[in-house]
$ cat target19.pdb   # PDB, C-alpha atoms
ATOM      1  CA  MET R   1       0.000   0.000   0.000
ATOM      2  CA  VAL R   2       1.358   3.386  -0.946
ATOM      3  CA  ASP R   3      -0.145   6.754  -0.123
ATOM      4  CA  ILE R   4       0.355  10.274  -1.347
ATOM      5  CA  LEU R   5       1.035  12.584   1.602
ATOM      6  CA  HIS R   6       1.402  16.359   1.741
ATOM      7  CA  ARG R   7       1.492  19.120   4.336
ATOM      8  CA  ILE R   8       0.997  22.836   3.799
ATOM      9  CA  GLY R   9       0.510  25.764   6.162
ATOM     10  CA  VAL R  10      -1.693  28.718   5.319
ATOM     11  CA  THR R  11      -1.119  32.151   6.827
ATOM     12  CA  SER R  12      -3.746  34.894   7.108
ATOM     13  CA  SER R  13      -6.420  32.250   7.305
ATOM     14  CA  SER R  14      -8.330  30.083   9.767
ATOM     15  CA  PRO R  15      -9.418  26.454  10.011
ATOM     16  CA  GLU R  16     -12.918  27.657   9.154
ATOM     17  CA  ALA R  17     -11.735  29.355   5.941
ATOM     18  CA  VAL R  18      -9.740  26.290   4.890
ATOM     19  CA  TYR R  19     -12.752  24.113   5.616
ATOM     20  CA  ALA R  20     -14.938  26.362   3.449
ATOM     21  CA  ALA R  21     -12.436  26.042   0.595
ATOM     22  CA  LEU R  22     -12.826  22.252   0.816
ATOM     23  CA  THR R  23     -16.582  22.038   1.260
ATOM     24  CA  THR R  24     -18.141  24.599  -1.081
ATOM     25  CA  VAL R  25     -18.311  24.502  -4.870
ATOM     26  CA  ASP R  26     -16.919  28.044  -5.114
ATOM     27  CA  GLY R  27     -14.084  27.233  -2.738
ATOM     28  CA  LEU R  28     -13.077  24.071  -4.568
ATOM     29  CA  ALA R  29     -13.336  25.802  -7.950
ATOM     30  CA  GLY R  30     -10.915  28.439  -6.706
ATOM     31  CA  TRP R  31      -7.958  26.114  -6.259
ATOM     32  CA  TRP R  32      -8.497  22.726  -7.941
ATOM     33  CA  THR R  33     -10.534  23.118 -11.091
ATOM     34  CA  GLU R  34     -12.877  25.846 -12.260
ATOM     35  CA  GLU R  35     -15.178  23.126 -13.587
ATOM     36  CA  THR R  36     -16.542  21.943 -10.253
ATOM     37  CA  ASP R  37     -20.156  21.211  -9.442
ATOM     38  CA  GLY R  38     -22.328  18.874  -7.403
ATOM     39  CA  ASP R  39     -23.237  18.524  -3.749
ATOM     40  CA  PRO R  40     -20.371  19.001  -1.258
ATOM     41  CA  GLY R  41     -22.431  17.895   1.750
ATOM     42  CA  VAL R  42     -21.922  14.526   3.461
ATOM     43  CA  GLY R  43     -23.282  11.791   1.185
ATOM     44  CA  GLY R  44     -23.238  14.097  -1.829
ATOM     45  CA  VAL R  45     -21.040  13.747  -4.914
ATOM     46  CA  VAL R  46     -18.821  16.541  -6.208
ATOM     47  CA  ARG R  47     -17.744  16.449  -9.859
ATOM     48  CA  PHE R  48     -14.351  17.871 -10.805
ATOM     49  CA  ARG R  49     -13.610  18.230 -14.520
ATOM     50  CA  PHE R  50     -10.347  18.897 -16.383
ATOM     51  CA  ASP R  51      -9.393  19.007 -20.067
ATOM     52  CA  ALA R  52      -8.378  15.354 -19.905
ATOM     53  CA  GLY R  53     -11.282  13.980 -17.854
ATOM     54  CA  GLY R  54     -12.101  14.270 -14.201
ATOM     55  CA  PHE R  55     -13.068  12.786 -10.878
ATOM     56  CA  ASP R  56     -16.304  12.263  -8.971
ATOM     57  CA  MET R  57     -15.862  12.364  -5.219
ATOM     58  CA  LYS R  58     -18.403  11.129  -2.708
ATOM     59  CA  VAL R  59     -18.192  13.085   0.533
ATOM     60  CA  MET R  60     -17.807  10.500   3.289
ATOM     61  CA  GLU R  61     -17.121  12.769   6.249
ATOM     62  CA  SER R  62     -17.048  16.482   6.897
ATOM     63  CA  GLU R  63     -16.250  17.896  10.311
ATOM     64  CA  PRO R  64     -16.280  21.720  10.414
ATOM     65  CA  ALA R  65     -12.783  23.207  10.740
ATOM     66  CA  GLU R  66     -11.309  19.743  11.332
ATOM     67  CA  ARG R  67     -11.512  17.250   8.503
ATOM     68  CA  VAL R  68     -12.955  16.248   5.155
ATOM     69  CA  ARG R  69     -12.962  12.763   3.594
ATOM     70  CA  TRP R  70     -13.826  11.814   0.036
ATOM     71  CA  GLU R  71     -14.033   8.536  -1.792
ATOM     72  CA  VAL R  72     -13.396   8.461  -5.528
ATOM     73  CA  VAL R  73     -16.500   6.989  -7.170
ATOM     74  CA  ASP R  74     -15.637   7.788 -10.790
ATOM     75  CA  GLY R  75     -12.520   8.800 -12.715
ATOM     76  CA  PRO R  76      -9.358   7.102 -13.964
ATOM     77  CA  GLU R  77      -9.323   3.391 -13.156
ATOM     78  CA  GLU R  78      -6.355   3.800 -10.774
ATOM     79  CA  TRP R  79      -8.319   6.337  -8.717
ATOM     80  CA  ILE R  80     -11.606   4.510  -8.285
ATOM     81  CA  GLY R  81     -12.066   3.366  -4.711
ATOM     82  CA  THR R  82      -9.139   5.427  -3.430
ATOM     83  CA  ARG R  83      -9.751   7.927  -0.644
ATOM     84  CA  VAL R  84      -8.739  11.546  -0.225
ATOM     85  CA  GLY R  85      -8.522  13.182   3.181
ATOM     86  CA  PHE R  86      -7.762  16.606   4.558
ATOM     87  CA  ASP R  87      -7.037  17.184   8.250
ATOM     88  CA  ILE R  88      -6.992  20.766   9.452
ATOM     89  CA  LYS R  89      -5.359  22.184  12.569
ATOM     90  CA  ARG R  90      -3.908  25.394  13.922
ATOM     91  CA  GLU R  91      -0.161  25.611  14.680
ATOM     92  CA  ASP R  92       1.897  28.752  15.312
ATOM     93  CA  ASP R  93       0.386  31.394  13.037
ATOM     94  CA  PHE R  94      -0.537  28.837  10.390
ATOM     95  CA  THR R  95      -3.529  26.743   9.543
ATOM     96  CA  ILE R  96      -2.024  23.370   8.703
ATOM     97  CA  VAL R  97      -3.519  21.002   6.149
ATOM     98  CA  LEU R  98      -2.437  17.365   6.253
ATOM     99  CA  PHE R  99      -3.413  15.731   2.985
ATOM    100  CA  ARG R 100      -3.581  12.030   2.215
ATOM    101  CA  HIS R 101      -4.617  10.220  -0.970
ATOM    102  CA  GLU R 102      -4.676   6.572   0.035
ATOM    103  CA  GLY R 103      -5.673   3.188  -1.255
ATOM    104  CA  TRP R 104      -3.591   3.135  -4.448
ATOM    105  CA  ARG R 105      -3.183  -0.490  -5.457
ATOM    106  CA  GLU R 106       0.211  -0.053  -7.120
ATOM    107  CA  PRO R 107       2.789   2.743  -7.286
ATOM    108  CA  VAL R 108       2.219   3.203 -11.031
ATOM    109  CA  GLU R 109       3.873   6.073 -12.881
ATOM    110  CA  PHE R 110       0.539   7.923 -12.880
ATOM    111  CA  MET R 111       0.742   7.950  -9.078
ATOM    112  CA  TYR R 112       4.122   9.713  -9.224
ATOM    113  CA  HIS R 113       2.491  12.328 -11.457
ATOM    114  CA  CYS R 114      -0.571  12.739  -9.231
ATOM    115  CA  SER R 115       1.629  13.196  -6.169
ATOM    116  CA  THR R 116       3.426  16.164  -7.721
ATOM    117  CA  LYS R 117       0.182  17.601  -9.117
ATOM    118  CA  TRP R 118      -1.478  17.391  -5.697
ATOM    119  CA  ALA R 119       1.419  19.420  -4.284
ATOM    120  CA  THR R 120       0.852  22.152  -6.847
ATOM    121  CA  PHE R 121      -2.910  22.182  -6.196
ATOM    122  CA  LEU R 122      -2.398  22.357  -2.422
ATOM    123  CA  LEU R 123      -0.061  25.300  -2.985
ATOM    124  CA  SER R 124      -2.847  26.761  -5.126
ATOM    125  CA  LEU R 125      -5.215  26.331  -2.148
ATOM    126  CA  LYS R 126      -2.659  28.097   0.059
ATOM    127  CA  ARG R 127      -2.274  30.899  -2.455
ATOM    128  CA  MET R 128      -6.021  31.334  -2.885
ATOM    129  CA  LEU R 129      -6.522  31.697   0.862
ATOM    130  CA  GLU R 130      -3.543  34.017   1.314
ATOM    131  CA  THR R 131      -3.945  36.236  -1.746
ATOM    132  CA  GLY R 132      -7.483  35.712  -3.014
ATOM    133  CA  THR R 133      -6.343  34.017  -6.231
ATOM    134  CA  GLY R 134      -5.469  30.362  -6.713
ATOM    135  CA  GLU R 135      -4.245  28.480  -9.745
ATOM    136  CA  PRO R 136      -7.050  26.012 -10.530
ATOM    137  CA  ALA R 137      -7.295  24.178 -13.857
ATOM    138  CA  PRO R 138      -7.220  25.262 -16.615
ATOM    139  CA  ARG R 139      -4.735  27.809 -15.196
ATOM    140  CA  ASP R 140      -2.875  25.153 -13.210
ATOM    141  CA  VAL R 141       0.893  24.748 -13.058
ATOM    142  CA  ARG R 142       2.121  22.499 -15.870
ATOM    143  CA  ILE R 143       4.619  19.986 -14.539
ATOM    144  CA  SER R 144       5.233  17.645 -17.503
ATOM    145  CA  ASN R 145       3.941  16.164 -20.784
ATOM    146  CA  TRP R 146       1.050  14.729 -18.769
ATOM    147  CA  HIS R 147       0.244  18.304 -17.783
TER     148      HIS R 147
ATOM    149  CA  MET T   1       6.310   0.984   4.040
ATOM    150  CA  VAL T   2       5.531   4.341   2.569
ATOM    151  CA  ASP T   3       7.419   6.165  -0.151
ATOM    152  CA  ILE T   4       7.445   9.694  -1.483
ATOM    153  CA  LEU T   5       6.936   9.649  -5.257
ATOM    154  CA  HIS T   6       7.072  12.468  -7.796
ATOM    155  CA  ARG T   7       7.218  12.928 -11.556
ATOM    156  CA  ILE T   8       8.232  16.026 -13.491
ATOM    157  CA  GLY T   9       9.007  16.667 -17.151
ATOM    158  CA  VAL T  10      11.603  19.153 -18.282
ATOM    159  CA  THR T  11      11.415  20.879 -21.672
ATOM    160  CA  SER T  12      14.387  22.426 -23.494
ATOM    161  CA  SER T  13      16.658  19.915 -21.825
ATOM    162  CA  SER T  14      18.150  16.454 -22.257
ATOM    163  CA  PRO T  15      18.720  13.398 -20.061
ATOM    164  CA  GLU T  16      22.403  14.397 -20.008
ATOM    165  CA  ALA T  17      21.603  17.896 -18.694
ATOM    166  CA  VAL T  18      19.276  16.508 -16.028
ATOM    167  CA  TYR T  19      21.929  13.993 -15.036
ATOM    168  CA  ALA T  20      24.505  16.794 -14.708
ATOM    169  CA  ALA T  21      22.124  18.704 -12.432
ATOM    170  CA  LEU T  22      21.981  15.636 -10.165
ATOM    171  CA  THR T  23      25.663  14.701 -10.183
ATOM    172  CA  THR T  24      27.653  17.932  -9.937
ATOM    173  CA  VAL T  25      27.991  20.252  -6.959
ATOM    174  CA  ASP T  26      27.102  23.267  -9.102
ATOM    175  CA  GLY T  27      24.079  21.516 -10.549
ATOM    176  CA  LEU T  28      22.741  20.415  -7.164
ATOM    177  CA  ALA T  29      23.392  23.862  -5.657
ATOM    178  CA  GLY T  30      21.294  25.372  -8.421
ATOM    179  CA  TRP T  31      18.020  23.730  -7.410
ATOM    180  CA  TRP T  32      18.192  22.157  -3.918
ATOM    181  CA  THR T  33      20.411  24.210  -1.658
ATOM    182  CA  GLU T  34      23.145  26.709  -2.390
ATOM    183  CA  GLU T  35      25.138  25.182   0.475
ATOM    184  CA  THR T  36      26.169  21.973  -1.281
ATOM    185  CA  ASP T  37      29.608  20.427  -1.247
ATOM    186  CA  GLY T  38      31.357  17.058  -1.220
ATOM    187  CA  ASP T  39      32.018  14.336  -3.760
ATOM    188  CA  PRO T  40      29.132  13.494  -6.115
ATOM    189  CA  GLY T  41      30.884  10.460  -7.631
ATOM    190  CA  VAL T  42      29.820   6.884  -6.814
ATOM    191  CA  GLY T  43      30.928   6.080  -3.265
ATOM    192  CA  GLY T  44      31.327   9.762  -2.432
ATOM    193  CA  VAL T  45      29.269  11.749   0.069
ATOM    194  CA  VAL T  46      27.508  14.989  -0.817
ATOM    195  CA  ARG T  47      26.595  17.394   1.990
ATOM    196  CA  PHE T  48      23.472  19.523   1.665
ATOM    197  CA  ARG T  49      22.960  22.281   4.252
ATOM    198  CA  PHE T  50      19.930  24.400   5.084
ATOM    199  CA  ASP T  51      19.159  26.969   7.800
ATOM    200  CA  ALA T  52      17.683  24.241   9.964
ATOM    201  CA  GLY T  53      20.266  21.494   9.412
ATOM    202  CA  GLY T  54      20.952  19.268   6.459
ATOM    203  CA  PHE T  55      21.535  15.892   4.885
ATOM    204  CA  ASP T  56      24.577  13.844   3.912
ATOM    205  CA  MET T  57      23.973  11.577   0.942
ATOM    206  CA  LYS T  58      26.200   8.710  -0.077
ATOM    207  CA  VAL T  59      26.108   8.148  -3.822
ATOM    208  CA  MET T  60      25.246   4.473  -4.315
ATOM    209  CA  GLU T  61      24.717   4.400  -8.061
ATOM    210  CA  SER T  62      25.115   6.799 -10.935
ATOM    211  CA  GLU T  63      24.332   5.813 -14.497
ATOM    212  CA  PRO T  64      24.868   8.643 -17.004
ATOM    213  CA  ALA T  65      21.601  10.025 -18.392
ATOM    214  CA  GLU T  66      19.646   7.201 -16.719
ATOM    215  CA  ARG T  67      19.646   7.091 -12.938
ATOM    216  CA  VAL T  68      21.107   8.299  -9.652
ATOM    217  CA  ARG T  69      20.722   6.653  -6.236
ATOM    218  CA  TRP T  70      21.636   8.087  -2.845
ATOM    219  CA  GLU T  71      21.483   6.733   0.665
ATOM    220  CA  VAL T  72      21.037   9.136   3.557
ATOM    221  CA  VAL T  73      23.989   8.666   5.898
ATOM    222  CA  ASP T  74      23.421  11.706   8.128
ATOM    223  CA  GLY T  75      20.579  14.117   8.820
ATOM    224  CA  PRO T  76      17.282  14.052  10.718
ATOM    225  CA  GLU T  77      16.699  10.741  12.442
ATOM    226  CA  GLU T  78      13.706   9.904  10.232
ATOM    227  CA  TRP T  79      15.877  10.246   7.112
ATOM    228  CA  ILE T  80      18.870   8.146   8.114
ATOM    229  CA  GLY T  81      18.993   4.943   6.112
ATOM    230  CA  THR T  82      16.309   6.069   3.675
ATOM    231  CA  ARG T  83      17.103   6.125  -0.032
ATOM    232  CA  VAL T  84      16.570   8.724  -2.711
ATOM    233  CA  GLY T  85      16.418   7.832  -6.385
ATOM    234  CA  PHE T  86      16.042   9.645  -9.673
ATOM    235  CA  ASP T  87      15.215   7.818 -12.917
ATOM    236  CA  ILE T  88      15.595   9.770 -16.131
ATOM    237  CA  LYS T  89      14.018   9.072 -19.505
ATOM    238  CA  ARG T  90      12.947  10.833 -22.665
ATOM    239  CA  GLU T  91       9.236  11.021 -23.560
ATOM    240  CA  ASP T  92       7.575  13.256 -26.157
ATOM    241  CA  ASP T  93       9.549  16.524 -26.023
ATOM    242  CA  PHE T  94      10.242  16.152 -22.317
ATOM    243  CA  THR T  95      12.972  14.705 -20.183
ATOM    244  CA  ILE T  96      11.056  12.892 -17.467
ATOM    245  CA  VAL T  97      12.352  12.519 -13.919
ATOM    246  CA  LEU T  98      10.792   9.840 -11.717
ATOM    247  CA  PHE T  99      11.688  10.555  -8.123
ATOM    248  CA  ARG T 100      11.396   8.218  -5.147
ATOM    249  CA  HIS T 101      12.347   8.741  -1.505
ATOM    250  CA  GLU T 102      11.879   5.331   0.060
ATOM    251  CA  GLY T 103      12.489   3.453   3.270
ATOM    252  CA  TRP T 104      10.563   5.721   5.639
ATOM    253  CA  ARG T 105       9.721   3.671   8.698
ATOM    254  CA  GLU T 106       6.505   5.529   9.552
ATOM    255  CA  PRO T 107       4.327   8.106   7.778
ATOM    256  CA  VAL T 108       5.134  10.753  10.383
ATOM    257  CA  GLU T 109       3.972  14.329   9.891
ATOM    258  CA  PHE T 110       7.514  15.298   8.866
ATOM    259  CA  MET T 111       7.135  12.908   5.925
ATOM    260  CA  TYR T 112       4.026  14.794   4.748
ATOM    261  CA  HIS T 113       6.098  17.977   4.876
ATOM    262  CA  CYS T 114       9.067  16.462   3.045
ATOM    263  CA  SER T 115       6.815  15.145   0.287
ATOM    264  CA  THR T 116       5.508  18.618  -0.498
ATOM    265  CA  LYS T 117       8.976  20.179  -0.188
ATOM    266  CA  TRP T 118      10.423  17.601  -2.596
ATOM    267  CA  ALA T 119       7.744  18.634  -5.123
ATOM    268  CA  THR T 120       8.803  22.270  -4.855
ATOM    269  CA  PHE T 121      12.492  21.378  -5.202
ATOM    270  CA  LEU T 122      11.832  19.178  -8.229
ATOM    271  CA  LEU T 123       9.936  22.072  -9.799
ATOM    272  CA  SER T 124      13.002  24.173  -8.944
ATOM    273  CA  LEU T 125      15.132  21.635 -10.849
ATOM    274  CA  LYS T 126      12.743  21.898 -13.805
ATOM    275  CA  ARG T 127      12.851  25.687 -13.673
ATOM    276  CA  MET T 128      16.644  25.784 -13.448
ATOM    277  CA  LEU T 129      16.982  23.603 -16.519
ATOM    278  CA  GLU T 130      14.325  25.469 -18.489
ATOM    279  CA  THR T 131      15.193  29.056 -17.550
ATOM    280  CA  GLY T 132      18.680  28.985 -16.058
ATOM    281  CA  THR T 133      17.479  29.915 -12.565
ATOM    282  CA  GLY T 134      16.145  27.562  -9.902
ATOM    283  CA  GLU T 135      14.829  28.233  -6.420
ATOM    284  CA  PRO T 136      17.313  26.503  -4.109
ATOM    285  CA  ALA T 137      17.481  27.205  -0.376
ATOM    286  CA  PRO T 138      17.675  29.797   1.041
ATOM    287  CA  ARG T 139      15.490  31.149  -1.803
ATOM    288  CA  ASP T 140      13.197  28.113  -1.714
ATOM    289  CA  VAL T 141       9.404  28.222  -1.748
ATOM    290  CA  ARG T 142       8.027  28.455   1.772
ATOM    291  CA  ILE T 143       5.153  26.034   2.244
ATOM    292  CA  SER T 144       4.378  26.238   5.987
ATOM    293  CA  ASN T 145       5.619  27.039   9.501
ATOM    294  CA  TRP T 146       8.195  24.279   9.019
ATOM    295  CA  HIS T 147       9.412  26.245   6.023
TER     296      HIS T 147
END
$ encode --input "target19.pdb" --output "structure tokens"
Amino acid sequence: MVDILHRIGVTSSSPEAVYAALTTVDGLAGWWTEETDGDPGVGGVVRFRFDAGGFDMKVMESEPAERVRWEVVDGPEEWIGTRVGFDIKREDDFTIVLFRHEGWREPVEFMYHCSTKWATFLLSLKRMLETGTGEPAPRDVRISNWH
Amino acid sequence: MVDILHRIGVTSSSPEAVYAALTTVDGLAGWWTEETDGDPGVGGVVRFRFDAGGFDMKVMESEPAERVRWEVVDGPEEWIGTRVGFDIKREDDFTIVLFRHEGWREPVEFMYHCSTKWATFLLSLKRMLETGTGEPAPRDVRISNWH
């Protein structure tokens, strides 16, 4: 079992603001992909679309200012059934986000790519909360031939 | 067992140029940390220093334009004995780098941090090769209270 792990710290923000960016369509569209819709409440499904396809996430858990859990119910074969989690906490003058994308069956090359892309999107989340403007798709950071 | 995985693609470069950036003191100082010295040949030890400490890497393997392997021989306790690897290949118009930092004993919070930092340093490597200027420490991207 291999997981993708990341940690970022957001200044000039709060656990509540980070939580809103993870649990509202407008928030999610501001840092991951502009083409976001669906129901971000527990039990709902949020659809994220990109030029090359997308992901449908079922919201499994959502604890205000503390944590959000998704399960991938549609998307690339390697993603289906995997789980994405965000844990939020306050530390020093930062709101910390611990990110985990777990349940990958094999460390395929696509997983290497997704790990780096998640880092850039989490930095986009940080930037959105700190400056008001993130870098969601289609304005996302290009990291390779796989975009 | 948990590993840190990343994948980047560099344009306007070659496997030989990427390899040079991973196997020369000047190359390494251009994207990871300006305070780099030591012997980057096989069997040698390269010392990387940052404000908060650093890492000593023993070069275990070095195959021109193909791969580099290090073992961490000194640094933070969680890093000692872990292994860092870079695989290089050509794909489309990109030189692809597959990165792996393996052998972590536990997915401690520091590992989450290091995963995201590695992404920013690999993007620094990409930038250095594409534009001539990377973002090595102490000019590295700050991602949190842990820097």
$ closest_residue --input "target19.pdb" --among "R:Glu130, R:Glu61, R:Glu109, R:Glu91" --to "Gly43 of chain R" --atoms "only C-alpha atoms"
R:Glu61
$ resolve_selection --input "target19.pdb" --expression "the PyMOL selection byres ((chain T and resi 5) around 9)" --output "PyMOL selection string"
(chain R and resi 4+107+109+111-113+115-116) or (chain T and resi 3-4+6-7+98-102+115)
$ resolve_selection --input "target19.pdb" --expression "the PyMOL selection byres ((chain R and resi 63) around 10)" --output "VMD selection string"
chain R and resid 19 23 42 61 to 62 64 to 69 87 to 88
$ resolve_selection --input "target19.pdb" --expression "the PyMOL selection byres ((chain T and resi 58) around 6)" --output "ChimeraX atom specification"
/T:44-45,57,59,70-71
$ closest_residue --input "target19.pdb" --among "T:Arg139, T:Lys89, T:His147, T:Lys117" --to "Gly9 of chain T" --atoms "only C-alpha atoms"
T:Lys89
$ closest_residue --input "target19.pdb" --among "T:Phe94, T:Gly134, T:Ser12, T:Phe121" --to "chain R" --atoms "all atoms listed in the file"
T:Phe94
$ closest_residue --input "target19.pdb" --among "R:Thr11, R:Pro76, R:Val141, R:Val2" --to "Arg90 of chain R" --atoms "all atoms listed in the file"
R:Thr11
$ closest_residue --input "target19.pdb" --among "T:Ala137, T:Leu129, T:Ala119, T:Val108" --to "Glu35 of chain T" --atoms "only C-alpha atoms"
T:Ala137
$ atom_distance --input "target19.pdb" --atom1 "atom CA of Arg47 of chain R" --atom2 "atom CA of Gly27 of chain R"
13.4 Å
$ closest_residue --input "target19.pdb" --among "R:Trp118, R:Glu34, R:Trp79, R:Ile8" --to "chain T" --atoms "all atoms listed in the file"
R:Ile8
$ residues_around --input "target19.pdb" --residues "Phe50 of chain T" --least-positions-apart "2" --cutoff "8 Å" --atoms "all atoms listed in the file" --output "PyMOL selection string"
chain T and resi 33+35+48+52-54+137-138
$ atom_distance --input "target19.pdb" --atom1 "atom CA of Ile96 of chain T" --atom2 "atom CA of Val10 of chain T"
6.3 Å
$ axis_aligned_box --input "target19.pdb" --around "segment 102-105 of chain R" --padding-each-side "6 Å" --output "AutoDock Vina command-line options"
--center_x -4.4 --center_y 3.0 --center_z -2.7 --size_x 14.5 --size_y 19.1 --size_z 17.5
$ atom_distance --input "target19.pdb" --atom1 "atom CA of Thr95 of chain R" --atom2 "atom CA of Met60 of chain R"
22.5 Å
$ decode --input "target19.pdb" --residues "segment 1-9 of chain R" --atoms "all heavy atoms" --output "compact mmCIF listing (two decimals), in the first residue's frame"
# COMPACT_ATOMS: atom_id res chain seq x y z
N MET R 1 0.84 -1.20 0.00
CA MET R 1 0.00 0.00 0.00
C MET R 1 0.88 1.25 0.00
O MET R 1 1.81 1.34 0.77
CB MET R 1 -0.87 0.03 1.25
CG MET R 1 -1.96 1.08 1.19
SD MET R 1 -2.62 1.42 2.85
CE MET R 1 -1.22 2.22 3.65
N VAL R 2 0.60 2.14 -0.90
CA VAL R 2 1.36 3.39 -0.95
C VAL R 2 0.37 4.55 -0.95
O VAL R 2 -0.68 4.47 -1.56
CB VAL R 2 2.25 3.44 -2.20
CG1 VAL R 2 3.50 2.62 -1.99
CG2 VAL R 2 1.52 2.96 -3.43
N ASP R 3 0.73 5.59 -0.23
CA ASP R 3 -0.15 6.75 -0.12
C ASP R 3 0.58 7.99 -0.63
O ASP R 3 1.81 8.06 -0.58
CB ASP R 3 -0.51 7.02 1.35
CG ASP R 3 -1.21 5.86 2.01
OD1 ASP R 3 -1.78 5.02 1.29
OD2 ASP R 3 -1.20 5.81 3.25
N ILE R 4 -0.19 8.95 -1.06
CA ILE R 4 0.35 10.27 -1.35
C ILE R 4 0.09 11.14 -0.12
O ILE R 4 -1.05 11.22 0.34
CB ILE R 4 -0.32 10.89 -2.59
CG1 ILE R 4 0.03 10.08 -3.84
CG2 ILE R 4 0.09 12.35 -2.76
CD1 ILE R 4 -0.75 10.47 -5.08
N LEU R 5 1.14 11.76 0.39
CA LEU R 5 1.04 12.58 1.60
C LEU R 5 1.55 13.99 1.30
O LEU R 5 2.55 14.14 0.59
CB LEU R 5 1.90 12.00 2.72
CG LEU R 5 1.73 10.52 3.05
CD1 LEU R 5 2.76 10.11 4.11
CD2 LEU R 5 0.32 10.24 3.53
N HIS R 6 0.89 14.99 1.86
CA HIS R 6 1.40 16.36 1.74
C HIS R 6 1.02 17.16 2.98
O HIS R 6 0.05 16.82 3.67
CB HIS R 6 0.82 17.07 0.50
CG HIS R 6 1.38 16.58 -0.79
ND1 HIS R 6 2.70 16.70 -1.13
CD2 HIS R 6 0.79 15.94 -1.84
CE1 HIS R 6 2.91 16.18 -2.32
NE2 HIS R 6 1.77 15.70 -2.79
N ARG R 7 1.77 18.22 3.21
CA ARG R 7 1.49 19.12 4.34
C ARG R 7 1.77 20.55 3.88
O ARG R 7 2.87 20.84 3.39
CB ARG R 7 2.41 18.79 5.52
CG ARG R 7 2.21 19.67 6.76
CD ARG R 7 3.27 19.34 7.81
NE ARG R 7 3.02 19.96 9.10
CZ ARG R 7 3.38 21.19 9.44
NH1 ARG R 7 4.00 21.96 8.56
NH2 ARG R 7 3.15 21.65 10.66
N ILE R 8 0.79 21.41 4.05
CA ILE R 8 1.00 22.84 3.80
C ILE R 8 0.50 23.63 5.00
O ILE R 8 -0.30 23.13 5.81
CB ILE R 8 0.26 23.35 2.53
CG1 ILE R 8 -1.25 23.06 2.64
CG2 ILE R 8 0.84 22.74 1.26
CD1 ILE R 8 -2.10 23.89 1.72
N GLY R 9 0.97 24.86 5.12
CA GLY R 9 0.51 25.76 6.16
C GLY R 9 0.07 27.07 5.53
O GLY R 9 0.80 27.64 4.72
